[in-house]
$ cat target_32.csv   # CSV, C-alpha atoms
chain,number,residue,atom,x,y,z
B,51,MET,CA,5.5,-19.6,26.3
B,52,PRO,CA,7.0,-21.5,23.4
B,53,THR,CA,10.7,-22.3,23.3
B,54,LEU,CA,12.8,-20.0,21.1
B,55,PRO,CA,15.1,-21.5,18.5
B,56,ARG,CA,18.6,-22.1,19.7
B,57,SER,CA,20.2,-20.3,16.7
B,58,GLY,CA,19.3,-18.5,13.6
B,59,PRO,CA,16.6,-15.8,13.0
B,60,LEU,CA,13.0,-16.2,14.1
B,61,THR,CA,10.3,-16.9,11.5
B,62,LEU,CA,6.9,-15.3,11.3
B,63,GLU,CA,5.5,-18.5,12.7
B,64,ASP,CA,7.9,-18.3,15.7
B,65,PHE,CA,7.0,-14.7,16.2
B,66,GLU,CA,3.2,-15.3,16.2
B,67,ALA,CA,3.6,-18.2,18.7
B,68,ILE,CA,5.6,-16.0,21.1
B,69,ARG,CA,3.0,-13.2,21.0
B,70,GLU,CA,0.2,-15.6,22.0
B,71,VAL,CA,0.9,-14.7,25.6
B,72,ASP,CA,-0.5,-11.3,26.5
B,73,ASP,CA,2.1,-10.0,29.0
B,74,GLY,CA,1.8,-6.3,28.5
B,75,HIS,CA,4.9,-6.0,26.4
B,76,ARG,CA,5.2,-4.9,22.8
B,77,TYR,CA,6.7,-7.4,20.4
B,78,GLU,CA,8.4,-6.5,17.1
B,79,LEU,CA,10.6,-8.6,14.7
B,80,ILE,CA,13.5,-6.9,12.9
B,81,ASP,CA,15.3,-9.1,10.4
B,82,GLY,CA,14.5,-12.2,12.4
B,83,VAL,CA,15.5,-10.6,15.8
B,84,LEU,CA,12.9,-10.4,18.5
B,85,VAL,CA,12.6,-6.9,20.1
B,86,VAL,CA,10.5,-6.7,23.3
B,87,THR,CA,9.7,-3.4,24.9
B,88,PRO,CA,7.5,-2.4,27.8
B,89,SER,CA,4.1,-0.9,27.3
B,90,PRO,CA,4.3,2.8,26.6
B,91,VAL,CA,3.7,5.3,29.4
B,92,PRO,CA,0.8,7.9,29.3
B,93,ARG,CA,3.0,10.8,28.1
B,94,HIS,CA,4.3,8.7,25.2
B,95,GLN,CA,0.7,7.8,24.2
B,96,LYS,CA,-0.5,11.4,24.5
B,97,VAL,CA,2.2,12.5,22.0
B,98,ALA,CA,1.5,9.5,19.7
B,99,PHE,CA,-2.3,10.3,19.8
B,100,ARG,CA,-1.7,14.0,19.0
B,101,ILE,CA,0.6,13.3,16.1
B,102,ALA,CA,-2.0,10.9,14.7
B,103,GLN,CA,-4.7,13.5,15.2
B,104,ALA,CA,-2.6,16.1,13.4
B,105,LEU,CA,-2.1,13.8,10.4
B,106,ASP,CA,-5.7,12.6,10.4
B,107,ARG,CA,-7.1,16.2,10.1
B,108,SER,CA,-5.6,16.5,6.6
B,109,CYS,CA,-5.6,12.9,5.5
B,110,PRO,CA,-6.7,12.3,1.9
B,111,PRO,CA,-9.6,9.8,1.4
B,112,ASP,CA,-7.4,7.1,-0.1
B,113,HIS,CA,-5.2,6.9,3.0
B,114,ASP,CA,-5.7,6.0,6.7
B,115,VAL,CA,-3.9,7.1,9.9
B,116,TYR,CA,-3.3,4.4,12.5
B,117,MET,CA,-1.7,4.0,15.9
B,118,ALA,CA,0.2,1.1,17.6
B,119,PRO,CA,-0.4,-1.6,18.3
B,120,LEU,CA,-0.9,-2.5,14.6
B,121,ASP,CA,1.5,-4.8,12.7
B,122,ILE,CA,3.2,-3.8,9.5
B,123,ARG,CA,4.8,-6.7,7.8
B,124,LEU,CA,7.8,-5.5,5.9
B,125,GLY,CA,9.0,-9.0,4.9
B,126,GLU,CA,9.1,-12.6,6.1
B,127,ASP,CA,11.4,-11.7,8.9
B,128,THR,CA,10.2,-8.2,9.9
B,129,VAL,CA,7.0,-7.0,11.8
B,130,LEU,CA,7.0,-3.5,13.1
B,131,GLN,CA,4.5,-1.4,15.1
B,132,PRO,CA,5.2,2.3,14.6
B,133,ASP,CA,3.6,4.6,17.1
B,134,ALA,CA,1.7,6.3,14.3
B,135,LEU,CA,1.5,5.5,10.6
B,136,VAL,CA,-0.1,6.5,7.4
B,137,VAL,CA,-0.9,3.8,4.8
B,138,PRO,CA,-2.8,3.7,1.6
B,139,ARG,CA,-6.2,1.9,2.1
B,140,SER,CA,-5.2,-0.7,-0.4
B,141,ALA,CA,-2.5,-2.0,2.0
B,142,VAL,CA,-4.9,-2.6,4.9
B,143,GLY,CA,-5.6,-6.3,5.6
B,144,GLU,CA,-7.8,-8.0,8.2
B,145,GLN,CA,-5.0,-8.6,10.6
B,146,HIS,CA,-2.1,-6.3,9.6
B,147,ILE,CA,-0.7,-3.9,7.1
B,148,GLU,CA,1.1,-5.5,4.2
B,149,GLY,CA,4.2,-3.7,3.0
B,150,SER,CA,5.6,-0.3,3.7
B,151,PRO,CA,3.6,2.6,5.1
B,152,VAL,CA,3.8,6.0,3.5
B,153,LEU,CA,4.9,7.4,6.8
B,154,ALA,CA,6.1,5.7,10.0
B,155,VAL,CA,6.3,7.8,13.2
B,156,GLU,CA,8.1,6.8,16.4
B,157,VAL,CA,7.9,8.6,19.7
B,158,LEU,CA,11.1,8.1,21.6
B,159,SER,CA,11.3,6.7,25.1
B,160,PRO,CA,14.3,5.5,27.1
B,161,SER,CA,13.5,1.8,26.2
B,162,THR,CA,13.1,2.4,22.5
B,163,ARG,CA,15.4,5.3,21.6
B,164,THR,CA,18.3,3.1,20.3
B,165,PHE,CA,16.0,1.0,18.1
B,166,ASP,CA,13.9,3.9,16.8
B,167,LEU,CA,17.0,5.9,15.7
B,168,GLY,CA,18.9,2.8,14.6
B,169,ALA,CA,17.5,-0.5,13.5
B,170,LYS,CA,13.9,0.7,12.8
B,171,LEU,CA,15.1,3.7,10.8
B,172,LEU,CA,17.4,1.5,8.7
B,173,ARG,CA,14.8,-1.2,8.2
B,174,HIS,CA,12.2,1.4,7.0
B,175,GLU,CA,14.8,2.8,4.6
B,176,ARG,CA,15.5,-0.7,3.2
B,177,ALA,CA,11.7,-1.3,2.9
B,178,ALA,CA,11.4,2.0,0.9
B,179,THR,CA,9.1,3.7,3.4
B,180,PRO,CA,8.8,7.2,1.9
B,181,ALA,CA,8.9,9.1,5.2
B,182,TYR,CA,10.1,8.4,8.7
B,183,TRP,CA,9.7,10.7,11.7
B,184,VAL,CA,11.0,10.5,15.2
B,185,ILE,CA,9.5,12.7,18.0
B,186,ASP,CA,11.3,13.2,21.3
B,187,PRO,CA,8.8,14.3,23.9
B,188,ASP,CA,11.6,15.3,26.3
B,189,ALA,CA,13.2,17.9,24.1
B,190,PRO,CA,10.5,18.3,22.5
B,191,SER,CA,11.7,17.8,19.0
B,192,LEU,CA,10.9,16.2,15.7
B,193,GLN,CA,13.4,14.7,13.2
B,194,ALA,CA,12.1,13.8,9.7
B,195,TRP,CA,13.6,11.8,6.9
B,196,GLU,CA,12.4,11.3,3.4
B,197,LEU,CA,13.6,8.7,0.9
B,198,ARG,CA,15.7,10.0,-1.9
B,199,ASP,CA,17.4,7.7,-4.4
B,200,GLY,CA,16.9,4.7,-2.0
B,201,HIS,CA,18.4,6.5,1.1
B,202,TYR,CA,17.0,8.6,3.8
B,203,VAL,CA,17.8,12.3,3.8
B,204,GLU,CA,17.0,14.4,6.9
B,205,VAL,CA,14.5,17.0,5.8
B,206,ALA,CA,13.7,18.6,9.2
B,207,HIS,CA,15.0,18.8,12.7
B,208,VAL,CA,13.0,21.2,14.8
B,209,THR,CA,12.6,21.8,18.5
B,210,GLY,CA,10.1,23.5,20.8
B,211,ASP,CA,7.8,25.9,19.1
B,212,GLU,CA,9.7,25.8,15.8
B,213,PRO,CA,7.4,24.4,13.1
B,214,ALA,CA,8.4,21.6,10.8
B,215,GLU,CA,7.0,22.1,7.2
B,216,LEU,CA,6.8,18.6,5.8
B,217,SER,CA,5.8,17.5,2.3
B,218,LEU,CA,5.3,13.8,3.0
B,219,PRO,CA,2.9,12.1,3.4
B,220,TRP,CA,1.2,15.3,2.3
B,221,PRO,CA,1.9,19.0,3.1
B,222,VAL,CA,1.6,19.3,6.9
B,223,GLN,CA,3.0,21.5,9.6
B,224,ILE,CA,4.0,20.0,13.0
B,225,VAL,CA,5.1,22.0,16.0
B,226,PRO,CA,6.8,19.6,18.5
B,227,GLY,CA,6.0,21.8,21.5
B,228,ASP,CA,2.2,21.5,20.7
B,229,LEU,CA,2.5,17.7,21.0
B,230,VAL,CA,3.5,17.8,24.7
B,231,LYS,CA,1.6,20.9,26.0
B,232,ASP,CA,-1.0,20.4,28.7
B,233,ARG,CA,-4.4,21.7,27.4

$ encode --input "target_32.csv" --output "structure tokens"
Amino acid sequence: MPTLPRSGPLTLEDFEAIREVDDGHRYELIDGVLVVTPSPVPRHQKVAFRIAQALDRSCPPDHDVYMAPLDIRLGEDTVLQPDALVVPRSAVGEQHIEGSPVLAVEVLSPSTRTFDLGAKLLRHERAATPAYWVIDPDAPSLQAWELRDGHYVEVAHVTGDEPAELSLPWPVQIVPGDLVKDR
């Protein structure tokens, strides 16, 4: 593993060198700060998969729905991997997504809760990501924010079998309880 710089933020070059070792962790870079989290557990992945499926069912032809791990470069010092995301096809590169997605979705887990509701939400707001959703599989619940005049405004906070009627990235209804139910 490469040696980390003694002070100052990491660069994209530093970040790429660190990730050369496949150790089962998830690496993200937020404003030059390295964030390392464990691989997601099966329940987390089930919820992420189901939200991606729900979005993909109504996805317009000029957009795509993806799941992590897939890098989004929001700047020279920020690389994020939302659990699910929607991007215009024009933003898809060979190795990563360049610029803000239309929607970033995070599924909360004990190891990511603080970052998902704090640093990541703020970084997506600063990058002008139009919509940001957080799903808590334990509640189950969904919180959704939309960008208005450069700041996020909460547009939905629903739990259980209560539907969220959302307008971004396109009109869609999400029921948090459906994301966690056994089939």

$ closest_atom_pairs --input "target_32.csv" --of "stretch 121-213 of chain B" --to "stretch 104-110 of chain B" --cutoff "12 Å" --atoms "only C-alpha atoms" --output "CSV"
residue,atom,partner,partner_atom,distance
B:Ala134,CA,B:Leu105,CA,9.3
B:Leu135,CA,B:Leu105,CA,9.0
B:Val136,CA,B:Leu105,CA,8.1
B:Val137,CA,B:Cys109,CA,10.3
B:Pro138,CA,B:Pro110,CA,9.4
B:Arg139,CA,B:Pro110,CA,10.4
B:Val152,CA,B:Cys109,CA,11.8
B:Leu153,CA,B:Leu105,CA,10.1
B:Ala154,CA,B:Leu105,CA,11.5
B:Val155,CA,B:Leu105,CA,10.7

$ closest_atom_pairs --input "target_32.csv" --of "stretch 151-206 of chain B" --to "stretch 120-130 of chain B" --cutoff "12 Å" --atoms "all atoms listed in the file" --output "Markdown table"
| residue | atom | partner | partner_atom | distance |
| --- | --- | --- | --- | --- |
| B:Pro151 | CA | B:Ile122 | CA | 7.8 |
| B:Val152 | CA | B:Ile122 | CA | 11.5 |
| B:Leu153 | CA | B:Ile122 | CA | 11.6 |
| B:Ala154 | CA | B:Leu130 | CA | 9.7 |
| B:Val155 | CA | B:Leu130 | CA | 11.3 |
| B:Glu156 | CA | B:Leu130 | CA | 10.9 |
| B:Phe165 | CA | B:Leu130 | CA | 11.2 |
| B:Asp166 | CA | B:Leu130 | CA | 10.8 |
| B:Ala169 | CA | B:Leu130 | CA | 10.9 |
| B:Lys170 | CA | B:Leu130 | CA | 8.1 |
| B:Leu171 | CA | B:Leu130 | CA | 11.1 |
| B:Arg173 | CA | B:Leu124 | CA | 8.5 |
| B:His174 | CA | B:Leu124 | CA | 8.3 |
| B:Glu175 | CA | B:Leu124 | CA | 10.9 |
| B:Arg176 | CA | B:Leu124 | CA | 9.5 |
| B:Ala177 | CA | B:Leu124 | CA | 6.5 |
| B:Ala178 | CA | B:Leu124 | CA | 9.7 |
| B:Thr179 | CA | B:Leu124 | CA | 9.6 |

$ atom_distance --input "target_32.csv" --atom1 "atom CA of B:Pro59" --atom2 "atom CA of B:Asp81"
7.3 Å

$ residues_around --input "target_32.csv" --residues "B:Val184" --least-positions-apart "2" --cutoff "7 Å" --atoms "all atoms listed in the file" --output "JSON, numbers by chain"
{"B": [155, 156, 157, 158, 182, 186, 192, 193, 194]}

$ residues_around --input "target_32.csv" --residues "B:Asp73" --least-positions-apart "4" --cutoff "12 Å" --atoms "all atoms listed in the file" --output "ChimeraX atom specification"
/B:51,68-69,77,86-89

$ closest_residue --input "target_32.csv" --among "B:Trp183, B:Arg100, B:Ala118, B:Thr162" --to "B:Val85" --atoms "all atoms listed in the file"
B:Thr162

$ atom_distance --input "target_32.csv" --atom1 "atom CA of B:Val225" --atom2 "atom CA of B:Asp199"
27.8 Å

$ atom_distance --input "target_32.csv" --atom1 "atom CA of B:Asp133" --atom2 "atom CA of B:Ala98"
5.9 Å

$ residues_near_point --input "target_32.csv" --point "(10.1, 21.8, 5.2)" --cutoff "12 Å" --atoms "only C-alpha atoms" --output "ChimeraX atom specification"
/B:192-196,204-208,212-218,220-225

$ residues_near_point --input "target_32.csv" --point "(8.1, -13.2, 16.8)" --cutoff "8 Å" --atoms "all atoms listed in the file" --output "list in words"
Leu60, Thr61, Leu62, Glu63, Asp64, Phe65, Glu66, Ala67, Ile68, Arg69, Tyr77, Glu78, Leu79, Gly82, Val83 and Leu84 of chain B

$ write_last_selection --input "target_32.csv" --atoms "C-alpha atoms" --output "tab-separated table (two decimals), in the coordinates of the input"
chain	number	residue	atom	x	y	z
B	60	LEU	CA	13.00	-16.20	14.10
B	61	THR	CA	10.30	-16.90	11.50
B	62	LEU	CA	6.90	-15.30	11.30
B	63	GLU	CA	5.50	-18.50	12.70
B	64	ASP	CA	7.90	-18.30	15.70
B	65	PHE	CA	7.00	-14.70	16.20
B	66	GLU	CA	3.20	-15.30	16.20
B	67	ALA	CA	3.60	-18.20	18.70
B	68	ILE	CA	5.60	-16.00	21.10
B	69	ARG	CA	3.00	-13.20	21.00
B	77	TYR	CA	6.70	-7.40	20.40
B	78	GLU	CA	8.40	-6.50	17.10
B	79	LEU	CA	10.60	-8.60	14.70
B	82	GLY	CA	14.50	-12.20	12.40
B	83	VAL	CA	15.50	-10.60	15.80
B	84	LEU	CA	12.90	-10.40	18.50

$ closest_residue --input "target_32.csv" --among "B:Leu172, B:Ile185, B:Val91, B:Leu229" --to "B:Gly200" --atoms "all atoms listed in the file"
B:Leu172
